[in-house]
$ cat protein-v4.cif   # mmCIF, C-alpha atoms
data_start
loop_
_atom_site.group_PDB
_atom_site.id
_atom_site.type_symbol
_atom_site.label_atom_id
_atom_site.label_comp_id
_atom_site.auth_asym_id
_atom_site.auth_seq_id
_atom_site.Cartn_x
_atom_site.Cartn_y
_atom_site.Cartn_z
ATOM 1 C CA MET A 209 -38.168 -9.886 -62.265
ATOM 2 C CA MET A 210 -35.153 -9.906 -59.963
ATOM 3 C CA ILE A 211 -34.307 -6.957 -57.730
ATOM 4 C CA ASP A 212 -30.835 -5.505 -58.214
ATOM 5 C CA TRP A 213 -30.064 -5.326 -54.486
ATOM 6 C CA SER A 214 -26.439 -4.357 -55.040
ATOM 7 C CA ASN A 215 -27.419 -1.149 -56.840
ATOM 8 C CA PHE A 216 -30.692 -0.355 -55.084
ATOM 9 C CA THR A 217 -30.155 2.785 -52.962
ATOM 10 C CA PRO A 218 -33.501 3.484 -51.254
ATOM 11 C CA TRP A 219 -32.300 6.131 -48.795
ATOM 12 C CA ALA A 220 -30.200 8.163 -51.224
ATOM 13 C CA ALA A 221 -33.045 7.943 -53.734
ATOM 14 C CA LEU A 222 -35.607 9.089 -51.172
ATOM 15 C CA ALA A 223 -33.359 11.885 -49.895
ATOM 16 C CA GLY A 224 -32.584 13.101 -53.422
ATOM 17 C CA GLY A 225 -36.257 12.916 -54.263
ATOM 18 C CA VAL A 226 -37.140 15.056 -51.260
ATOM 19 C CA VAL A 227 -34.584 17.659 -52.381
ATOM 20 C CA LEU A 228 -36.168 17.613 -55.856
ATOM 21 C CA GLY A 229 -39.554 18.097 -54.246
ATOM 22 C CA LEU A 230 -38.234 21.045 -52.272
ATOM 23 C CA ALA A 231 -36.895 22.588 -55.482
ATOM 24 C CA ALA A 232 -40.318 22.195 -57.096
ATOM 25 C CA ALA A 233 -42.017 23.602 -53.992
ATOM 26 C CA LEU A 234 -39.725 26.621 -53.982
ATOM 27 C CA PHE A 235 -40.266 27.173 -57.682
ATOM 28 C CA ILE A 236 -44.054 27.150 -57.554
ATOM 29 C CA LEU A 237 -44.553 28.986 -54.273
ATOM 30 C CA VAL A 238 -41.858 31.658 -54.674
ATOM 31 C CA ASN A 239 -41.500 31.944 -58.446
ATOM 32 C CA GLY A 240 -44.958 30.815 -59.455
ATOM 33 C CA ARG A 241 -43.742 28.406 -62.090
ATOM 34 C CA ILE A 242 -43.765 24.711 -62.811
ATOM 35 C CA LEU A 243 -40.305 23.189 -62.415
ATOM 36 C CA GLY A 244 -40.270 21.562 -65.835
ATOM 37 C CA ILE A 245 -36.831 21.436 -67.425
ATOM 38 C CA SER A 246 -37.959 20.805 -70.986
ATOM 39 C CA GLY A 247 -40.260 23.811 -70.799
ATOM 40 C CA ILE A 248 -37.725 26.080 -69.149
ATOM 41 C CA VAL A 249 -34.962 25.176 -71.606
ATOM 42 C CA GLY A 250 -37.285 24.899 -74.608
ATOM 43 C CA GLY A 251 -38.534 28.419 -74.025
ATOM 44 C CA LEU A 252 -35.004 29.717 -74.556
ATOM 45 C CA LEU A 253 -35.254 28.716 -78.217
ATOM 46 C CA THR A 254 -38.040 31.234 -78.819
ATOM 47 C CA PRO A 255 -36.818 34.084 -76.616
ATOM 48 C CA ARG A 256 -39.276 36.812 -75.737
ATOM 49 C CA LYS A 257 -38.545 39.997 -73.864
ATOM 50 C CA GLY A 258 -38.742 39.563 -70.123
ATOM 51 C CA ASP A 259 -38.893 35.809 -70.508
ATOM 52 C CA VAL A 260 -35.212 34.945 -70.839
ATOM 53 C CA VAL A 261 -33.279 35.978 -67.733
ATOM 54 C CA TRP A 262 -35.290 33.892 -65.285
ATOM 55 C CA ARG A 263 -34.690 30.813 -67.430
ATOM 56 C CA LEU A 264 -30.962 31.504 -67.546
ATOM 57 C CA CYS A 265 -30.848 31.963 -63.773
ATOM 58 C CA PHE A 266 -32.502 28.598 -63.233
ATOM 59 C CA VAL A 267 -30.246 26.800 -65.720
ATOM 60 C CA ALA A 268 -27.193 28.471 -64.178
ATOM 61 C CA GLY A 269 -28.235 26.998 -60.845
ATOM 62 C CA VAL A 270 -28.583 23.529 -62.338
ATOM 63 C CA LEU A 271 -25.153 23.754 -63.972
ATOM 64 C CA MET A 272 -23.596 24.988 -60.732
ATOM 65 C CA ALA A 273 -24.951 22.032 -58.747
ATOM 66 C CA PRO A 274 -22.114 19.577 -59.456
ATOM 67 C CA VAL A 275 -19.572 22.328 -58.811
ATOM 68 C CA SER A 276 -20.987 23.175 -55.392
ATOM 69 C CA TYR A 277 -21.667 19.524 -54.572
ATOM 70 C CA ARG A 278 -18.020 18.652 -55.123
ATOM 71 C CA LEU A 279 -17.068 21.089 -52.364
ATOM 72 C CA ILE A 280 -18.720 18.852 -49.784
ATOM 73 C CA ALA A 281 -18.759 15.361 -51.261
ATOM 74 C CA THR A 282 -17.582 13.231 -54.142
ATOM 75 C CA VAL A 283 -19.992 12.926 -57.023
ATOM 76 C CA ALA A 284 -20.704 9.307 -57.940
ATOM 77 C CA ALA A 285 -19.414 8.088 -61.286
ATOM 78 C CA VAL A 286 -21.568 8.489 -64.381
ATOM 79 C CA HIS A 287 -21.779 5.432 -66.639
ATOM 80 C CA ILE A 288 -22.951 6.082 -70.192
ATOM 81 C CA GLU A 289 -23.070 2.825 -72.116
ATOM 82 C CA ALA A 290 -24.701 4.246 -75.252
ATOM 83 C CA GLY A 291 -22.462 5.063 -78.199
ATOM 84 C CA LEU A 292 -22.452 8.489 -79.874
ATOM 85 C CA PRO A 293 -24.945 7.662 -82.659
ATOM 86 C CA THR A 294 -27.424 6.381 -80.067
ATOM 87 C CA ILE A 295 -26.805 9.458 -77.913
ATOM 88 C CA VAL A 296 -27.629 11.741 -80.829
ATOM 89 C CA VAL A 297 -30.824 9.878 -81.740
ATOM 90 C CA ALA A 298 -31.826 9.772 -78.065
ATOM 91 C CA GLY A 299 -31.249 13.493 -77.691
ATOM 92 C CA LEU A 300 -33.326 14.313 -80.762
ATOM 93 C CA LEU A 301 -36.189 12.114 -79.530
ATOM 94 C CA VAL A 302 -36.070 13.568 -76.017
ATOM 95 C CA GLY A 303 -35.885 17.120 -77.326
ATOM 96 C CA PHE A 304 -38.769 16.728 -79.721
ATOM 97 C CA GLY A 305 -40.896 14.464 -77.546
ATOM 98 C CA THR A 306 -40.707 16.578 -74.399
ATOM 99 C CA ARG A 307 -41.797 19.681 -76.283
ATOM 100 C CA TYR A 308 -44.505 17.927 -78.278
ATOM 101 C CA GLY A 309 -45.834 16.307 -75.130
ATOM 102 C CA SER A 310 -45.482 19.491 -73.067
ATOM 103 C CA GLY A 311 -43.168 18.112 -70.414
ATOM 104 C CA CYS A 312 -40.681 15.610 -69.052
ATOM 105 C CA THR A 313 -39.934 13.755 -65.820
ATOM 106 C CA SER A 314 -39.700 16.982 -63.820
ATOM 107 C CA GLY A 315 -42.670 18.796 -65.325
ATOM 108 C CA HIS A 316 -45.081 15.906 -65.702
ATOM 109 C CA GLY A 317 -43.495 13.359 -63.397
ATOM 110 C CA VAL A 318 -42.754 15.467 -60.334
ATOM 111 C CA CYS A 319 -44.965 18.549 -60.628
ATOM 112 C CA GLY A 320 -47.817 17.047 -62.620
ATOM 113 C CA LEU A 321 -48.228 14.015 -60.395
ATOM 114 C CA SER A 322 -47.919 16.220 -57.302
ATOM 115 C CA ARG A 323 -50.832 18.281 -58.656
ATOM 116 C CA LEU A 324 -52.798 15.112 -59.419
ATOM 117 C CA SER A 325 -53.022 16.295 -63.021
ATOM 118 C CA PRO A 326 -54.731 13.747 -65.304
ATOM 119 C CA ARG A 327 -52.685 15.071 -68.233
ATOM 120 C CA SER A 328 -49.463 14.426 -66.381
ATOM 121 C CA MET A 329 -50.600 10.985 -65.271
ATOM 122 C CA VAL A 330 -51.219 10.067 -68.911
ATOM 123 C CA ALA A 331 -47.922 11.622 -70.017
ATOM 124 C CA THR A 332 -45.998 9.813 -67.276
ATOM 125 C CA LEU A 333 -47.570 6.470 -68.197
ATOM 126 C CA ALA A 334 -46.639 7.134 -71.828
ATOM 127 C CA PHE A 335 -42.999 7.980 -71.254
ATOM 128 C CA MET A 336 -42.496 5.337 -68.594
ATOM 129 C CA GLY A 337 -44.089 2.744 -70.853
ATOM 130 C CA ALA A 338 -41.978 3.744 -73.820
ATOM 131 C CA GLY A 339 -38.909 3.720 -71.615
ATOM 132 C CA PHE A 340 -39.608 0.211 -70.358
ATOM 133 C CA VAL A 341 -40.290 -1.119 -73.857
ATOM 134 C CA THR A 342 -37.221 0.554 -75.363
ATOM 135 C CA VAL A 343 -34.882 -0.909 -72.755
ATOM 136 C CA LEU A 344 -36.539 -4.319 -73.133
ATOM 137 C CA LEU A 345 -35.937 -4.205 -76.876
ATOM 138 C CA VAL A 346 -32.394 -2.839 -76.695
ATOM 139 C CA ARG A 347 -31.146 -5.058 -73.870
ATOM 140 C CA HIS A 348 -33.087 -8.255 -74.305
ATOM 141 C CA VAL A 349 -34.413 -8.536 -77.830
ATOM 142 C CA MET A 350 -31.877 -6.936 -80.135
ATOM 143 C CA GLY A 351 -28.206 -8.062 -80.249
ATOM 144 C CA MET B 209 -37.008 41.946 -58.529
ATOM 145 C CA TYR B 210 -33.738 40.279 -57.638
ATOM 146 C CA HIS B 211 -35.424 38.062 -55.101
ATOM 147 C CA ASN B 212 -36.991 36.159 -57.966
ATOM 148 C CA ARG B 213 -33.693 35.738 -59.802
ATOM 149 C CA ILE B 214 -31.949 34.468 -56.670
ATOM 150 C CA SER B 215 -34.801 32.100 -55.933
ATOM 151 C CA GLU B 216 -34.734 30.727 -59.474
ATOM 152 C CA PHE B 217 -31.010 30.130 -59.183
ATOM 153 C CA VAL B 218 -31.419 28.399 -55.821
ATOM 154 C CA ALA B 219 -34.217 26.241 -57.219
ATOM 155 C CA GLY B 220 -31.927 25.197 -60.058
ATOM 156 C CA LEU B 221 -29.133 24.472 -57.602
ATOM 157 C CA LEU B 222 -31.450 22.402 -55.380
ATOM 158 C CA PHE B 223 -32.811 20.575 -58.406
ATOM 159 C CA GLY B 224 -29.344 19.699 -59.677
ATOM 160 C CA THR B 225 -28.269 18.653 -56.192
ATOM 161 C CA GLY B 226 -31.320 16.436 -55.802
ATOM 162 C CA LEU B 227 -30.474 14.724 -59.064
ATOM 163 C CA ILE B 228 -26.907 14.079 -57.917
ATOM 164 C CA VAL B 229 -27.897 12.837 -54.451
ATOM 165 C CA SER B 230 -30.557 10.507 -55.879
ATOM 166 C CA GLY B 231 -28.165 9.049 -58.447
ATOM 167 C CA MET B 232 -30.341 10.149 -61.352
ATOM 168 C CA THR B 233 -27.404 11.768 -63.143
ATOM 169 C CA ASP B 234 -26.093 8.257 -63.800
ATOM 170 C CA PRO B 235 -27.839 6.805 -66.882
ATOM 171 C CA ALA B 236 -26.915 3.306 -65.719
ATOM 172 C CA LYS B 237 -29.073 3.834 -62.629
ATOM 173 C CA VAL B 238 -32.005 5.150 -64.677
ATOM 174 C CA LEU B 239 -31.741 2.292 -67.167
ATOM 175 C CA GLY B 240 -31.559 -0.086 -64.215
ATOM 176 C CA PHE B 241 -35.066 1.068 -63.296
ATOM 177 C CA LEU B 242 -36.318 0.835 -66.877
ATOM 178 C CA ASP B 243 -34.883 -2.676 -67.250
ATOM 179 C CA LEU B 244 -37.837 -4.688 -65.959
ATOM 180 C CA ALA B 245 -36.649 -7.928 -67.558
ATOM 181 C CA GLY B 246 -33.156 -7.655 -66.134
ATOM 182 C CA ALA B 247 -31.754 -6.871 -62.701
ATOM 183 C CA TRP B 248 -34.327 -4.306 -61.583
ATOM 184 C CA ASP B 249 -33.253 -1.247 -59.559
ATOM 185 C CA PRO B 250 -36.378 0.357 -58.008
ATOM 186 C CA SER B 251 -34.449 3.470 -56.908
ATOM 187 C CA LEU B 252 -36.085 5.821 -59.454
ATOM 188 C CA ALA B 253 -39.501 5.010 -58.002
ATOM 189 C CA PHE B 254 -38.220 6.082 -54.603
ATOM 190 C CA VAL B 255 -36.898 9.322 -56.109
ATOM 191 C CA MET B 256 -40.311 10.078 -57.575
ATOM 192 C CA GLY B 257 -41.940 9.084 -54.320
ATOM 193 C CA GLY B 258 -39.799 11.444 -52.272
ATOM 194 C CA ALA B 259 -40.344 14.272 -54.733
ATOM 195 C CA VAL B 260 -44.117 13.876 -54.970
ATOM 196 C CA LEU B 261 -44.361 13.542 -51.193
ATOM 197 C CA ILE B 262 -43.097 17.109 -50.860
ATOM 198 C CA GLY B 263 -44.602 18.372 -54.089
ATOM 199 C CA PHE B 264 -48.091 17.232 -53.161
ATOM 200 C CA PHE B 265 -48.212 19.598 -50.204
ATOM 201 C CA ALA B 266 -46.545 22.422 -52.098
ATOM 202 C CA PHE B 267 -49.142 22.303 -54.865
ATOM 203 C CA LEU B 268 -51.943 21.881 -52.358
ATOM 204 C CA ILE B 269 -50.879 25.249 -50.955
ATOM 205 C CA ALA B 270 -50.275 26.729 -54.419
ATOM 206 C CA ARG B 271 -53.827 25.834 -55.487
ATOM 207 C CA THR B 272 -55.248 28.052 -52.759
ATOM 208 C CA ARG B 273 -53.192 31.050 -53.808
ATOM 209 C CA THR B 274 -53.402 33.578 -56.619
ATOM 210 C CA LEU B 275 -50.002 35.132 -55.914
ATOM 211 C CA THR B 276 -46.593 33.708 -55.040
ATOM 212 C CA LEU B 277 -44.993 34.270 -51.640
ATOM 213 C CA LEU B 278 -43.175 37.220 -53.249
ATOM 214 C CA GLY B 279 -46.461 38.645 -54.490
ATOM 215 C CA GLY B 280 -45.877 37.733 -58.103
ATOM 216 C CA ALA B 281 -48.002 35.908 -60.641
ATOM 217 C CA LEU B 282 -48.646 32.211 -60.130
ATOM 218 C CA HIS B 283 -48.560 30.348 -63.457
ATOM 219 C CA LEU B 284 -50.351 27.035 -63.015
ATOM 220 C CA PRO B 285 -50.960 25.107 -66.256
ATOM 221 C CA LYS B 286 -54.495 25.487 -67.543
ATOM 222 C CA ALA B 287 -54.514 22.770 -70.225
ATOM 223 C CA THR B 288 -56.725 19.799 -69.435
ATOM 224 C CA ALA B 289 -57.204 17.968 -72.734
ATOM 225 C CA LEU B 290 -55.880 14.419 -72.922
ATOM 226 C CA ASP B 291 -54.883 14.645 -76.567
ATOM 227 C CA LYS B 292 -52.750 12.774 -79.079
ATOM 228 C CA ARG B 293 -49.846 15.212 -78.701
ATOM 229 C CA LEU B 294 -49.567 14.423 -75.038
ATOM 230 C CA VAL B 295 -49.394 10.690 -75.643
ATOM 231 C CA ILE B 296 -47.222 10.755 -78.761
ATOM 232 C CA GLY B 297 -44.878 13.262 -77.174
ATOM 233 C CA GLY B 298 -44.602 11.073 -74.116
ATOM 234 C CA LEU B 299 -43.921 7.957 -76.174
ATOM 235 C CA VAL B 300 -41.246 9.681 -78.264
ATOM 236 C CA PHE B 301 -39.611 11.168 -75.171
ATOM 237 C CA GLY B 302 -39.739 7.817 -73.385
ATOM 238 C CA ALA B 303 -38.102 6.065 -76.312
ATOM 239 C CA GLY B 304 -35.236 8.543 -76.284
ATOM 240 C CA TRP B 305 -34.988 8.224 -72.510
ATOM 241 C CA GLY B 306 -34.777 4.464 -72.765
ATOM 242 C CA LEU B 307 -32.065 4.665 -75.406
ATOM 243 C CA ALA B 308 -29.552 6.745 -73.473
ATOM 244 C CA GLY B 309 -30.924 6.885 -69.937
ATOM 245 C CA PHE B 310 -30.897 10.686 -70.051
ATOM 246 C CA CYS B 311 -33.733 13.135 -69.700
ATOM 247 C CA PRO B 312 -33.255 16.922 -69.858
ATOM 248 C CA GLY B 313 -32.348 17.703 -66.248
ATOM 249 C CA PRO B 314 -29.800 14.959 -65.580
ATOM 250 C CA ALA B 315 -28.208 15.566 -68.977
ATOM 251 C CA LEU B 316 -27.556 19.198 -68.060
ATOM 252 C CA VAL B 317 -25.979 18.219 -64.750
ATOM 253 C CA ALA B 318 -23.872 15.459 -66.314
ATOM 254 C CA MET B 319 -22.754 17.943 -68.977
ATOM 255 C CA ALA B 320 -21.715 20.366 -66.220
ATOM 256 C CA MET B 321 -19.803 17.496 -64.644
ATOM 257 C CA GLY B 322 -17.685 17.443 -67.791
ATOM 258 C CA GLN B 323 -19.161 14.373 -69.507
ATOM 259 C CA PRO B 324 -18.591 14.733 -73.280
ATOM 260 C CA LYS B 325 -21.433 12.357 -74.192
ATOM 261 C CA ALA B 326 -23.799 14.405 -72.035
ATOM 262 C CA LEU B 327 -22.812 17.519 -73.988
ATOM 263 C CA VAL B 328 -23.571 15.709 -77.256
ATOM 264 C CA PHE B 329 -26.925 14.637 -75.820
ATOM 265 C CA VAL B 330 -27.794 18.197 -74.786
ATOM 266 C CA LEU B 331 -26.885 19.559 -78.226
ATOM 267 C CA ALA B 332 -28.988 16.867 -79.910
ATOM 268 C CA MET B 333 -31.804 17.603 -77.465
ATOM 269 C CA LEU B 334 -31.707 21.302 -78.340
ATOM 270 C CA ALA B 335 -31.786 20.330 -82.019
ATOM 271 C CA GLY B 336 -34.827 18.142 -81.345
ATOM 272 C CA MET B 337 -36.509 21.009 -79.529
ATOM 273 C CA GLN B 338 -35.716 23.318 -82.415
ATOM 274 C CA LEU B 339 -37.243 20.786 -84.830
ATOM 275 C CA TYR B 340 -40.400 21.002 -82.762
ATOM 276 C CA GLU B 341 -40.380 24.802 -82.974
ATOM 277 C CA MET B 342 -39.996 24.632 -86.765
ATOM 278 C CA LEU B 343 -42.876 22.188 -87.000
ATOM 279 C CA GLU B 344 -45.036 24.472 -84.859
ATOM 280 C CA ARG B 345 -44.245 27.479 -87.026
ATOM 281 C CA ARG B 346 -45.239 25.562 -90.163
ATOM 282 C CA THR B 347 -48.560 24.398 -88.771
ATOM 283 C CA SER B 348 -49.732 27.620 -87.160
ATOM 284 C CA THR B 349 -49.867 31.331 -87.828
ATOM 285 C CA ARG B 350 -47.576 33.121 -85.428
#

$ encode --input "protein-v4.cif" --output "structure tokens"
Amino acid sequence: MMIDWSNFTPWAALAGGVVLGLAAALFILVNGRILGISGIVGGLLTPRKGDVVWRLCFVAGVLMAPVSYRLIATVAAVHIEAGLPTIVVAGLLVGFGTRYGSGCTSGHGVCGLSRLSPRSMVATLAFMGAGFVTVLLVRHVMG
Amino acid sequence: MYHNRISEFVAGLLFGTGLIVSGMTDPAKVLGFLDLAGAWDPSLAFVMGGAVLIGFFAFLIARTRTLTLLGGALHLPKATALDKRLVIGGLVFGAGWGLAGFCPGPALVAMAMGQPKALVFVLAMLAGMQLYEMLERRTSTR
């Protein structure tokens, strides 16, 4: 395994991570909820009275982030190498898998691990493992 | 009442900002972490590290409370079972993540940045979530 020193950004990663942690801290201590995107968004598909507006407010904040960020700094370029068919399959898998497994990188990865939740540790190992294997197959085994 | 709505919005804003700052909105950076056999970018581990560093203390405090700082209900997950759903769901999610380098949060931000492929991903993701809902409805009485 060789380290990609040219792309490794430890300080930006750490700083961004801290901001994510602060978001999760705010969400649990002030709003009493787990900051889990798949759960927050997924819940919008089965809307119940009194359970919709808070989700929309959160999502609105997420969507506003690049807009407000651009006022103070340039947003780094986004490189999407996957073609449209792969994007669609990926989206379907992520959508289904996060709901079936009750969480994603924010819910299980950030909040779950922070809580020392055994469920989240298992979930994180599962999705990390699958992620590693998938990239190994796509980049180094196939084509 | 409105305090909660404002706080939720701010949390979303902070979350999106954290994703941008950490570089997680760039699938290439995420895939760089998942590419163990290639040039490996450990950045994502540092993102998680920074997040859990803060989160650990936040949840330590949350565990001792029954109400939020605004006096509202505190919804901590009660499920404890390590079941097949958890693992299969994780594996399926991870496979999708490894294919495009997107998970729900970053995809939303990238979509808001005007990336057409991110929009397609989000739509497909919503379809996948809806498939889950349909499956749930079929296998339970609601």

$ closest_residue --input "protein-v4.cif" --among "B:Gly257, B:Pro324, B:Gly297, B:Gly279" --to "chain A" --atoms "all atoms listed in the file"
B:Gly297

$ resolve_selection --input "protein-v4.cif" --expression "the PyMOL selection byres ((chain B and resi 304) around 8)" --output "list in words"
Val297, Ala298, Gly299, Leu300, Leu301, Val302 and Gly339 of chain A; Val300, Phe301, Gly302, Ala303, Trp305, Gly306, Leu307, Ala308, Gly309 and Phe310 of chain B

$ resolve_selection --input "protein-v4.cif" --expression "the PyMOL selection byres ((chain A and resi 306) around 12)" --output "ChimeraX atom specification"
/A:244-250,298-305,307-317,331-332,334-335 /B:293-305,311-313,333-334,336-341

$ closest_residue --input "protein-v4.cif" --among "A:Ala273, A:Trp219, A:Met329, A:Gly320" --to "chain B" --atoms "only C-alpha atoms"
A:Ala273

$ closest_residue --input "protein-v4.cif" --among "A:Val260, A:Val270, A:Leu279, A:Val341" --to "chain B" --atoms "all atoms listed in the file"
A:Val270

$ residues_around --input "protein-v4.cif" --residues "Ser230 (chain B)" --least-positions-apart "4" --cutoff "9 Å" --atoms "all atoms listed in the file" --output "CSV table (one decimal) with C-alpha atoms, in the coordinates of the input"
chain,number,residue,atom,x,y,z
A,217,THR,CA,-30.2,2.8,-53.0
A,218,PRO,CA,-33.5,3.5,-51.3
A,219,TRP,CA,-32.3,6.1,-48.8
A,220,ALA,CA,-30.2,8.2,-51.2
A,221,ALA,CA,-33.0,7.9,-53.7
A,222,LEU,CA,-35.6,9.1,-51.2
A,223,ALA,CA,-33.4,11.9,-49.9
A,224,GLY,CA,-32.6,13.1,-53.4
A,225,GLY,CA,-36.3,12.9,-54.3
A,227,VAL,CA,-34.6,17.7,-52.4
B,225,THR,CA,-28.3,18.7,-56.2
B,226,GLY,CA,-31.3,16.4,-55.8
B,251,SER,CA,-34.4,3.5,-56.9
B,252,LEU,CA,-36.1,5.8,-59.5
B,254,PHE,CA,-38.2,6.1,-54.6
B,255,VAL,CA,-36.9,9.3,-56.1

$ closest_residue --input "protein-v4.cif" --among "B:Leu327, B:Leu227, B:Pro314, B:Thr274" --to "chain A" --atoms "all atoms listed in the file"
B:Leu227

$ atom_distance --input "protein-v4.cif" --atom1 "CA of His211 (chain B)" --atom2 "CA of Met272 (chain A)"
18.5 Å

$ atom_distance --input "protein-v4.cif" --atom1 "CA of Val286 (chain A)" --atom2 "CA of Val349 (chain A)"
25.2 Å

$ resolve_selection --input "protein-v4.cif" --expression "the PyMOL selection byres ((chain B and resi 285) around 10)" --output "ChimeraX atom specification"
/A:241-242,320,325 /B:282-284,286-288

$ atom_distance --input "protein-v4.cif" --atom1 "CA of Leu278 (chain B)" --atom2 "CA of Ser215 (chain B)"
10.2 Å

$ residues_around --input "protein-v4.cif" --residues "Leu271 (chain A)" --least-positions-apart "6" --cutoff "9 Å" --atoms "all atoms listed in the file" --output "PyMOL selection string"
chain B and resi 220-221+224+316-321

$ write_last_selection --input "protein-v4.cif" --atoms "C-alpha atoms" --output "PDB file, in the coordinates of the input"
ATOM      1  CA  GLY B 220     -31.927  25.197 -60.058  1.00  0.00           C
ATOM      2  CA  LEU B 221     -29.133  24.472 -57.602  1.00  0.00           C
ATOM      3  CA  GLY B 224     -29.344  19.699 -59.677  1.00  0.00           C
ATOM      4  CA  LEU B 316     -27.556  19.198 -68.060  1.00  0.00           C
ATOM      5  CA  VAL B 317     -25.979  18.219 -64.750  1.00  0.00           C
ATOM      6  CA  ALA B 318     -23.872  15.459 -66.314  1.00  0.00           C
ATOM      7  CA  MET B 319     -22.754  17.943 -68.977  1.00  0.00           C
ATOM      8  CA  ALA B 320     -21.715  20.366 -66.220  1.00  0.00           C
ATOM      9  CA  MET B 321     -19.803  17.496 -64.644  1.00  0.00           C
TER      10      MET B 321
END

$ residues_around --input "protein-v4.cif" --residues "His287 (chain A)" --least-positions-apart "2" --cutoff "12 Å" --atoms "only C-alpha atoms" --output "short mmCIF file (atom, residue, chain, number, x, y, z; two decimals) with C-alpha atoms, in the coordinates of the input"
data_model
loop_
_atom_site.label_atom_id
_atom_site.label_comp_id
_atom_site.auth_asym_id
_atom_site.auth_seq_id
_atom_site.Cartn_x
_atom_site.Cartn_y
_atom_site.Cartn_z
CA ALA A 284 -20.70 9.31 -57.94
CA ALA A 285 -19.41 8.09 -61.29
CA GLU A 289 -23.07 2.82 -72.12
CA ALA A 290 -24.70 4.25 -75.25
CA GLY A 291 -22.46 5.06 -78.20
CA GLY B 231 -28.16 9.05 -58.45
CA MET B 232 -30.34 10.15 -61.35
CA THR B 233 -27.40 11.77 -63.14
CA ASP B 234 -26.09 8.26 -63.80
CA PRO B 235 -27.84 6.80 -66.88
CA ALA B 236 -26.92 3.31 -65.72
CA LYS B 237 -29.07 3.83 -62.63
CA VAL B 238 -32.01 5.15 -64.68
CA LEU B 239 -31.74 2.29 -67.17
CA GLY B 240 -31.56 -0.09 -64.22
CA ALA B 308 -29.55 6.74 -73.47
CA GLY B 309 -30.92 6.88 -69.94
CA PHE B 310 -30.90 10.69 -70.05
CA ALA B 318 -23.87 15.46 -66.31
CA GLN B 323 -19.16 14.37 -69.51
CA PRO B 324 -18.59 14.73 -73.28
CA LYS B 325 -21.43 12.36 -74.19
CA ALA B 326 -23.80 14.40 -72.04
#

$ decode --input "protein-v4.cif" --residues "region 223-249 of chain A" --atoms "C-alpha atoms" --output "PDB file, in the first residue's frame"
ATOM      1  CA  ALA A 223     -10.911  20.516  10.495  1.00  0.00           C
ATOM      2  CA  GLY A 224     -13.856  19.391   8.353  1.00  0.00           C
ATOM      3  CA  GLY A 225     -14.331  16.413  10.622  1.00  0.00           C
ATOM      4  CA  VAL A 226     -14.464  18.655  13.678  1.00  0.00           C
ATOM      5  CA  VAL A 227     -17.136  20.787  11.981  1.00  0.00           C
ATOM      6  CA  LEU A 228     -19.108  17.600  11.243  1.00  0.00           C
ATOM      7  CA  GLY A 229     -18.754  16.620  14.877  1.00  0.00           C
ATOM      8  CA  LEU A 230     -20.036  20.015  15.955  1.00  0.00           C
ATOM      9  CA  ALA A 231     -23.050  19.597  13.670  1.00  0.00           C
ATOM     10  CA  ALA A 232     -23.774  16.211  15.249  1.00  0.00           C
ATOM     11  CA  ALA A 233     -23.277  17.657  18.736  1.00  0.00           C
ATOM     12  CA  LEU A 234     -25.674  20.502  18.008  1.00  0.00           C
ATOM     13  CA  PHE A 235     -28.221  18.121  16.551  1.00  0.00           C
ATOM     14  CA  ILE A 236     -28.294  15.739  19.499  1.00  0.00           C
ATOM     15  CA  LEU A 237     -28.003  18.263  22.315  1.00  0.00           C
ATOM     16  CA  VAL A 238     -30.324  20.960  20.935  1.00  0.00           C
ATOM     17  CA  ASN A 239     -32.654  18.996  18.664  1.00  0.00           C
ATOM     18  CA  GLY A 240     -32.431  15.630  20.359  1.00  0.00           C
ATOM     19  CA  ARG A 241     -31.855  13.710  17.164  1.00  0.00           C
ATOM     20  CA  ILE A 242     -29.199  11.591  15.545  1.00  0.00           C
ATOM     21  CA  LEU A 243     -27.569  13.388  12.620  1.00  0.00           C
ATOM     22  CA  GLY A 244     -28.131  10.572  10.150  1.00  0.00           C
ATOM     23  CA  ILE A 245     -28.766  11.760   6.607  1.00  0.00           C
ATOM     24  CA  SER A 246     -30.282   8.553   5.278  1.00  0.00           C
ATOM     25  CA  GLY A 247     -32.766   8.530   8.140  1.00  0.00           C
ATOM     26  CA  ILE A 248     -33.615  12.207   7.886  1.00  0.00           C
ATOM     27  CA  VAL A 249     -34.119  12.074   4.115  1.00  0.00           C
TER      28      VAL A 249
END
